[in-house]
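Source file: data.cif; contents: mmCIF, C-alpha atoms.
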data_protein
loop_
_atom_site.label_atom_id
_atom_site.label_comp_id
_atom_site.auth_asym_id
_atom_site.auth_seq_id
_atom_site.Cartn_x
_atom_site.Cartn_y
_atom_site.Cartn_z
CA MET A 1 118.89 -20.88 23.50
CA ASP A 2 118.16 -17.17 23.24
CA GLY A 3 115.75 -16.31 20.45
CA TYR A 4 114.74 -19.90 19.78
CA ARG A 5 111.21 -21.09 20.36
CA PHE A 6 112.21 -24.74 19.87
CA THR A 7 115.66 -26.21 20.31
CA THR A 8 114.51 -29.64 19.10
CA VAL A 9 113.31 -30.60 15.62
CA GLY A 10 111.89 -34.11 15.33
CA PHE A 11 112.19 -35.57 11.83
CA LEU A 12 110.28 -38.53 10.36
CA SER A 13 110.15 -39.60 6.73
CA ASP A 14 110.03 -42.47 4.27
CA TYR A 15 113.30 -41.31 2.70
CA GLY A 16 115.44 -44.18 3.98
CA LEU A 17 119.17 -43.73 4.48
CA ALA A 18 120.60 -44.95 1.19
CA ASP A 19 120.30 -41.56 -0.51
CA GLU A 20 121.17 -37.99 0.41
CA PHE A 21 117.60 -36.89 1.17
CA VAL A 22 117.77 -37.01 4.98
CA GLY A 23 121.21 -35.41 5.13
CA VAL A 24 120.14 -32.60 2.81
CA CYS A 25 117.13 -31.79 5.01
CA HIS A 26 119.43 -31.76 8.04
CA GLY A 27 121.68 -29.32 6.21
CA VAL A 28 118.80 -27.02 5.29
CA ILE A 29 117.66 -26.90 8.92
CA ARG A 30 121.17 -26.27 10.20
CA ARG A 31 121.65 -23.33 7.81
CA SER A 32 118.66 -21.44 9.24
CA ALA A 33 118.58 -22.84 12.78
CA PRO A 34 122.14 -23.86 13.72
CA GLY A 35 121.22 -23.92 17.39
CA ALA A 36 118.49 -26.54 16.97
CA THR A 37 119.09 -30.25 17.47
CA VAL A 38 117.50 -32.47 14.83
CA VAL A 39 116.33 -35.80 16.26
CA ASP A 40 115.63 -38.50 13.66
CA ILE A 41 112.48 -40.31 14.76
CA THR A 42 112.74 -42.73 11.83
CA HIS A 43 113.32 -42.65 8.11
CA GLY A 44 112.27 -46.26 7.70
CA VAL A 45 108.57 -45.64 7.08
CA PRO A 46 107.58 -47.90 4.15
CA PRO A 47 107.65 -45.79 0.97
CA HIS A 48 104.43 -43.80 0.44
CA ASP A 49 102.75 -45.46 3.46
CA VAL A 50 101.06 -42.45 5.06
CA ALA A 51 99.13 -44.51 7.62
CA ALA A 52 102.29 -46.23 8.89
CA GLY A 53 104.05 -42.88 9.16
CA ALA A 54 101.11 -41.35 11.00
CA LEU A 55 101.11 -44.13 13.57
CA LEU A 56 104.87 -43.96 14.18
CA LEU A 57 104.80 -40.18 14.50
CA ALA A 58 101.89 -40.27 16.97
CA GLN A 59 103.68 -42.90 19.05
CA ALA A 60 106.88 -40.85 19.23
CA VAL A 61 105.89 -37.22 19.77
CA PRO A 62 104.57 -37.48 23.37
CA TYR A 63 108.09 -38.36 24.54
CA PHE A 64 109.74 -35.23 23.14
CA PRO A 65 110.22 -31.89 24.84
CA GLU A 66 108.29 -29.04 23.26
CA ALA A 67 109.45 -29.23 19.66
CA VAL A 68 108.70 -28.69 16.01
CA HIS A 69 108.18 -32.00 14.21
CA LEU A 70 108.94 -32.29 10.50
CA ALA A 71 107.14 -35.25 8.90
CA VAL A 72 107.39 -36.15 5.22
CA VAL A 73 105.56 -39.18 3.83
CA ASP A 74 104.19 -37.53 0.76
CA PRO A 75 103.06 -39.59 -2.23
CA GLY A 76 101.13 -36.52 -3.43
CA VAL A 77 104.19 -34.28 -3.59
CA GLY A 78 103.88 -31.77 -6.43
CA SER A 79 100.08 -32.15 -6.62
CA ALA A 80 97.38 -29.82 -5.33
CA ARG A 81 97.67 -31.22 -1.79
CA ARG A 82 98.50 -28.53 0.78
CA GLY A 83 101.45 -28.17 3.06
CA LEU A 84 100.57 -27.46 6.69
CA VAL A 85 101.84 -26.11 9.97
CA ILE A 86 99.77 -27.25 12.95
CA GLU A 87 100.19 -25.78 16.42
CA THR A 88 99.03 -28.11 19.21
CA VAL A 89 97.74 -27.76 22.76
CA SER A 90 101.14 -28.93 24.06
CA GLY A 91 102.88 -26.01 22.35
CA SER A 92 104.66 -28.23 19.84
CA CYS A 93 104.16 -27.71 16.10
CA LEU A 94 103.88 -30.16 13.22
CA VAL A 95 105.02 -29.48 9.65
CA GLY A 96 104.16 -31.64 6.67
CA PRO A 97 101.64 -32.50 3.96
CA ASP A 98 97.87 -32.36 4.36
CA ASN A 99 97.32 -36.06 3.71
CA GLY A 100 96.42 -37.25 7.21
CA LEU A 101 100.03 -37.81 8.30
CA LEU A 102 100.01 -35.14 11.03
CA ILE A 103 96.56 -35.57 12.56
CA PRO A 104 97.16 -38.55 14.92
CA ALA A 105 100.29 -36.82 16.23
CA ALA A 106 98.32 -33.61 16.81
CA ARG A 107 95.82 -35.62 18.85
CA ALA A 108 98.65 -37.24 20.81
CA LEU A 109 99.86 -33.72 21.67
CA GLY A 110 96.50 -32.67 23.08
CA GLY A 111 94.83 -31.65 19.83
CA ALA A 112 95.29 -28.99 17.19
CA VAL A 113 94.85 -25.33 18.14
CA THR A 114 95.75 -23.50 14.93
CA CYS A 115 96.63 -24.56 11.41
CA VAL A 116 97.99 -22.61 8.47
CA ALA A 117 98.38 -23.70 4.85
CA LEU A 118 101.76 -23.11 3.26
CA PRO A 119 101.59 -21.21 -0.04
CA GLU A 120 102.82 -22.78 -3.25
CA ASP A 121 106.42 -22.00 -4.11
CA PRO A 122 107.01 -21.93 -7.86
CA GLU A 123 110.75 -22.30 -7.29
CA ALA A 124 110.39 -25.47 -5.19
CA SER A 125 111.22 -28.82 -6.73
CA PRO A 126 107.97 -30.67 -7.54
CA THR A 127 109.50 -33.85 -6.13
CA PHE A 128 111.37 -32.65 -3.01
CA HIS A 129 109.15 -30.47 -0.84
CA GLY A 130 110.92 -31.87 2.21
CA ARG A 131 114.02 -29.94 1.22
CA ASP A 132 112.49 -26.86 -0.40
CA ILE A 133 109.37 -26.20 1.69
CA PHE A 134 108.97 -28.25 4.87
CA ALA A 135 112.53 -28.22 6.25
CA PRO A 136 112.93 -24.43 5.83
CA VAL A 137 109.61 -23.83 7.57
CA ALA A 138 110.55 -26.16 10.44
CA ALA A 139 113.83 -24.29 10.88
CA LEU A 140 112.15 -20.89 10.93
CA LEU A 141 109.60 -22.11 13.47
CA ALA A 142 112.46 -23.28 15.67
CA THR A 143 113.98 -19.82 15.61
CA GLY A 144 110.73 -18.23 16.73
CA ALA A 145 108.90 -17.22 13.54
CA PRO A 146 105.13 -16.97 14.18
CA LEU A 147 102.63 -19.16 12.33
CA VAL A 148 101.04 -16.15 10.63
CA ARG A 149 104.27 -15.65 8.72
CA PHE A 150 103.77 -18.90 6.81
CA GLY A 151 100.26 -18.70 5.38
CA ASP A 152 96.55 -18.31 5.90
CA ARG A 153 94.63 -20.11 8.58
CA VAL A 154 92.78 -23.28 7.64
CA PRO A 155 89.67 -24.51 9.51
CA LEU A 156 90.67 -27.61 11.45
CA GLY A 157 87.62 -29.41 10.11
CA ASP A 158 88.96 -29.06 6.56
CA LEU A 159 92.08 -31.14 7.16
CA VAL A 160 92.49 -34.59 5.62
CA VAL A 161 91.94 -37.33 8.21
CA LEU A 162 92.96 -40.96 7.71
CA GLY A 163 90.52 -43.78 8.29
CA LEU A 164 92.70 -45.77 10.71
CA PRO A 165 91.82 -49.37 11.62
CA ASN A 166 89.53 -50.04 14.57
CA ALA A 167 88.90 -53.17 16.59
CA VAL A 168 85.57 -54.77 17.48
CA VAL A 169 84.34 -57.34 19.97
CA GLY A 170 82.09 -60.29 19.25
CA GLU A 171 80.92 -63.35 21.14
CA GLY A 172 84.07 -64.23 23.07
CA THR A 173 86.37 -62.68 20.45
CA ALA A 174 88.19 -59.44 19.71
CA ALA A 175 89.00 -58.68 16.08
CA GLY A 176 91.20 -56.02 14.52
CA GLU A 177 94.08 -55.55 12.11
CA VAL A 178 97.86 -55.65 12.04
CA LEU A 179 98.99 -52.04 12.53
CA GLN A 180 102.74 -52.42 12.27
CA ILE A 181 105.62 -54.88 12.38
CA ASP A 182 108.86 -53.82 14.03
CA ARG A 183 112.40 -54.92 13.18
CA PHE A 184 112.17 -57.76 15.71
CA GLY A 185 109.13 -59.22 13.93
CA ASN A 186 106.68 -58.26 16.66
CA VAL A 187 103.16 -57.83 15.26
CA ALA A 188 101.28 -54.88 16.80
CA THR A 189 97.51 -54.99 16.40
CA SER A 190 94.65 -52.51 16.78
CA ILE A 191 93.31 -54.59 19.69
CA THR A 192 93.77 -53.25 23.23
CA PRO A 193 93.72 -54.97 26.65
CA LEU A 194 90.44 -53.19 27.41
CA LEU A 195 88.78 -54.90 24.45
CA LEU A 196 90.03 -58.27 25.68
CA GLU A 197 88.60 -57.52 29.12
CA GLN A 198 85.25 -56.78 27.51
CA VAL A 199 85.10 -60.36 26.25
CA GLY A 200 86.44 -61.81 29.50
CA ILE A 201 90.03 -62.50 28.45
CA TYR A 202 92.79 -61.68 30.96
CA PRO A 203 96.56 -62.13 31.33
CA GLY A 204 97.63 -65.69 32.02
CA GLU A 205 95.02 -67.29 29.79
CA PHE A 206 95.70 -69.09 26.52
CA LEU A 207 94.42 -67.57 23.32
CA ALA A 208 93.70 -68.83 19.84
CA VAL A 209 95.23 -66.10 17.71
CA THR A 210 94.34 -65.97 14.02
CA VAL A 211 96.35 -63.81 11.63
CA GLY A 212 95.10 -64.05 8.06
CA ASN A 213 94.51 -67.77 7.56
CA ARG A 214 96.97 -68.97 10.20
CA GLN A 215 96.06 -69.77 13.79
CA VAL A 216 98.41 -70.32 16.72
CA GLN A 217 97.68 -70.88 20.40
CA MET A 218 99.71 -68.77 22.80
CA ARG A 219 99.67 -67.34 26.30
CA TYR A 220 98.49 -63.83 27.08
CA GLY A 221 101.54 -62.74 29.02
CA VAL A 222 103.12 -59.61 30.46
CA MET A 223 106.79 -60.17 29.54
CA PHE A 224 108.97 -62.32 27.31
CA ASP A 225 110.56 -64.46 29.99
CA GLY A 226 107.22 -66.17 30.66
CA VAL A 227 107.77 -68.37 27.58
CA GLY A 228 110.66 -70.32 26.13
CA VAL A 229 112.92 -69.14 23.31
CA GLY A 230 111.03 -69.36 20.02
CA GLU A 231 107.61 -69.61 21.69
CA PHE A 232 104.72 -67.24 20.95
CA VAL A 233 103.24 -64.84 23.48
CA VAL A 234 100.71 -61.98 23.28
CA LEU A 235 101.81 -58.88 25.20
CA MET A 236 100.65 -55.32 25.70
CA ASP A 237 103.41 -53.28 24.07
CA SER A 238 104.80 -49.92 25.21
CA HIS A 239 102.02 -48.08 23.32
CA GLY A 240 99.17 -50.05 24.91
CA LEU A 241 98.51 -52.30 21.90
CA MET A 242 98.17 -56.08 21.99
CA THR A 243 101.20 -57.41 20.14
CA ILE A 244 101.99 -60.91 18.95
CA CYS A 245 105.60 -61.86 19.73
CA ARG A 246 108.02 -64.77 19.71
CA ASN A 247 110.73 -64.86 22.32
CA GLN A 248 113.98 -64.02 20.47
CA ALA A 249 112.39 -64.83 17.10
CA SER A 250 110.10 -63.25 14.50
CA ALA A 251 106.37 -63.72 14.96
CA ALA A 252 105.73 -61.91 11.68
CA THR A 253 107.81 -64.40 9.68
CA ALA A 254 106.23 -67.43 11.32
CA LEU A 255 102.71 -66.11 10.70
CA ALA A 256 103.42 -64.57 7.28
CA ALA A 257 101.91 -61.42 8.79
CA GLY A 258 101.59 -58.15 6.96
CA ARG A 259 100.19 -54.74 7.82
CA GLY A 260 96.44 -54.57 7.33
CA MET A 261 95.83 -58.31 7.78
CA LYS A 262 92.87 -59.33 9.91
CA VAL A 263 93.59 -60.52 13.46
CA THR A 264 91.28 -62.33 15.88
CA PHE A 265 91.87 -63.21 19.54
CA ALA A 266 89.70 -65.84 21.27
CA ARG A 267 90.08 -67.84 24.48
CA ALA A 268 91.56 -71.31 23.98
CA THR A 269 92.46 -74.32 26.07
CA ARG A 270 96.10 -75.32 25.92
CA THR A 271 96.80 -78.22 23.58
#

What is this file in structure tokens?
Amino acid sequence: MDGYRFTTVGFLSDYGLADEFVGVCHGVIRRSAPGATVVDITHGVPPHDVAAGALLLAQAVPYFPEAVHLAVVDPGVGSARRGLVIETVSGSCLVGPDNGLLIPAARALGGAVTCVALPEDPEASPTFHGRDIFAPVAALLATGAPLVRFGDRVPLGDLVVLGLPNAVVGEGTAAGEVLQIDRFGNVATSITPLLLEQVGIYPGEFLAVTVGNRQVQMRYGVMFDGVGVGEFVVLMDSHGLMTICRNQASAATALAAGRGMKVTFARATRT
């Protein structure tokens, strides 16, 4: 569309859909950028869970066209934390709080090029910066406003970065954490196929999988139809993470799994 830099605005938040928050932000964007399409990435981020929001945002943004992404998971709203606009190598921009939420997504888009801090707005609600600060900025970016219009540059090294979970290898084992649980009850971990290869574990083998204090043996498979309904299987998911699943059932419920729990994979013989 003529005059628009971005015709797509991606929107992620922990607002949920029971209240008016998401709809109001849509309305604010439409008032300033009626030609932009707002795509809801998700509004089901667990309340205040910045790390979960950061992971979901990073997983989503590579599949968008060049866009401005509005992300609001902001337990520090109204405090001294900064608001940011980050321009990335891909050309896309990210708008949201300086609490680590945006950084994994910036990396997924090739890395940050420029960042500006949004000035405080004394007229903004201290509890709804999504409506009063971030959504208006996202809309103006879509219509072609330059970053310099929004604030002063911030050194990239000064931005808040989250300490996200890693995975490690031991003697015949790979250990990590539960990163997320989707609506099907699949349990995504911080362990990758490459780590399993490093300890000599390959598809087709049986694993002893420990989540918290529960252990289950299951096959390292490549698709669901390799096991029966209700059976466990470990798969590489669409984001390259080893994920514990049950065919047409919830692995998370069966294992009482929760985000942040310790996970260990080890080779096992079938019993």

Next item on the list: For CA of Gly185 in chain A and CA of Pro47 in chain A, quote the distance in Å rounded to one decimal.
Entry: 18.7 Å

Notebook entry, point to check: Which of these, A:Ala174, A:Ala139, A:Val160, A:Leu118, has the shortest distance to Val199 in chain A once you count only C-alpha atoms?
Noted result: A:Ala174

Notebook entry, point to check: Between A:Ala52, A:Val168, A:Ala256, A:Val38, which has the minimum distance to Gln198 in chain A (counting only C-alpha atoms)?
Noted result: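 Checking each of A:Ala52, A:Val168, A:Ala256, A:Val38 against Gln198 in chain A, counting only C-alpha atoms, the winner is A:Val168.
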
Next item on the list: Quote the spacing between CA of Gly157 in chain A and CA of Glu177 in chain A in Å to one decimal place.
Entry: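 We find that CA of Gly157 in chain A and CA of Glu177 in chain A lie 27.0 Å from each other.
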
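Neighbours of Val113 in chain A closer than or equal to 7 Å, with all atoms listed in the file counted and sequence neighbours fewer than 3 positions away skipped, come out as A:Glu87, A:Thr88, A:Val89.
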
Next item on the list: Quote the spacing between CA of Cys25 in chain A and CA of Arg131 in chain A in Å to one decimal place.
Entry: 5.2 Å

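Closest approach to Ser238 in chain A from the set A:Leu101, A:Ala124, A:Ile181, A:Ala188 is made by A:Ala188, with distances taken over all atoms listed in the file.
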
Next item on the list: I would like the residues chosen by the PyMOL selection byres ((chain A and resi 128) around 10) on the shown file; could you give them as a PyMOL selection string?
Entry: chain A and resi 21+25+72+74+77-78+124-127+129-134

Next item on the list: Would you write out, as an MDAnalysis selection string, every residue that the PyMOL selection byres ((chain A and resi 208) around 12) captures in this file?
Entry: chainID A and resid 172:175 201 205:207 209:211 214:220 232:234 244 263:271

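With all atoms listed in the file as the basis for measurement, A:Glu120 is the residue among A:Asp14, A:Glu120, A:Asp152, A:Glu66 that approaches Ser79 in chain A most closely.
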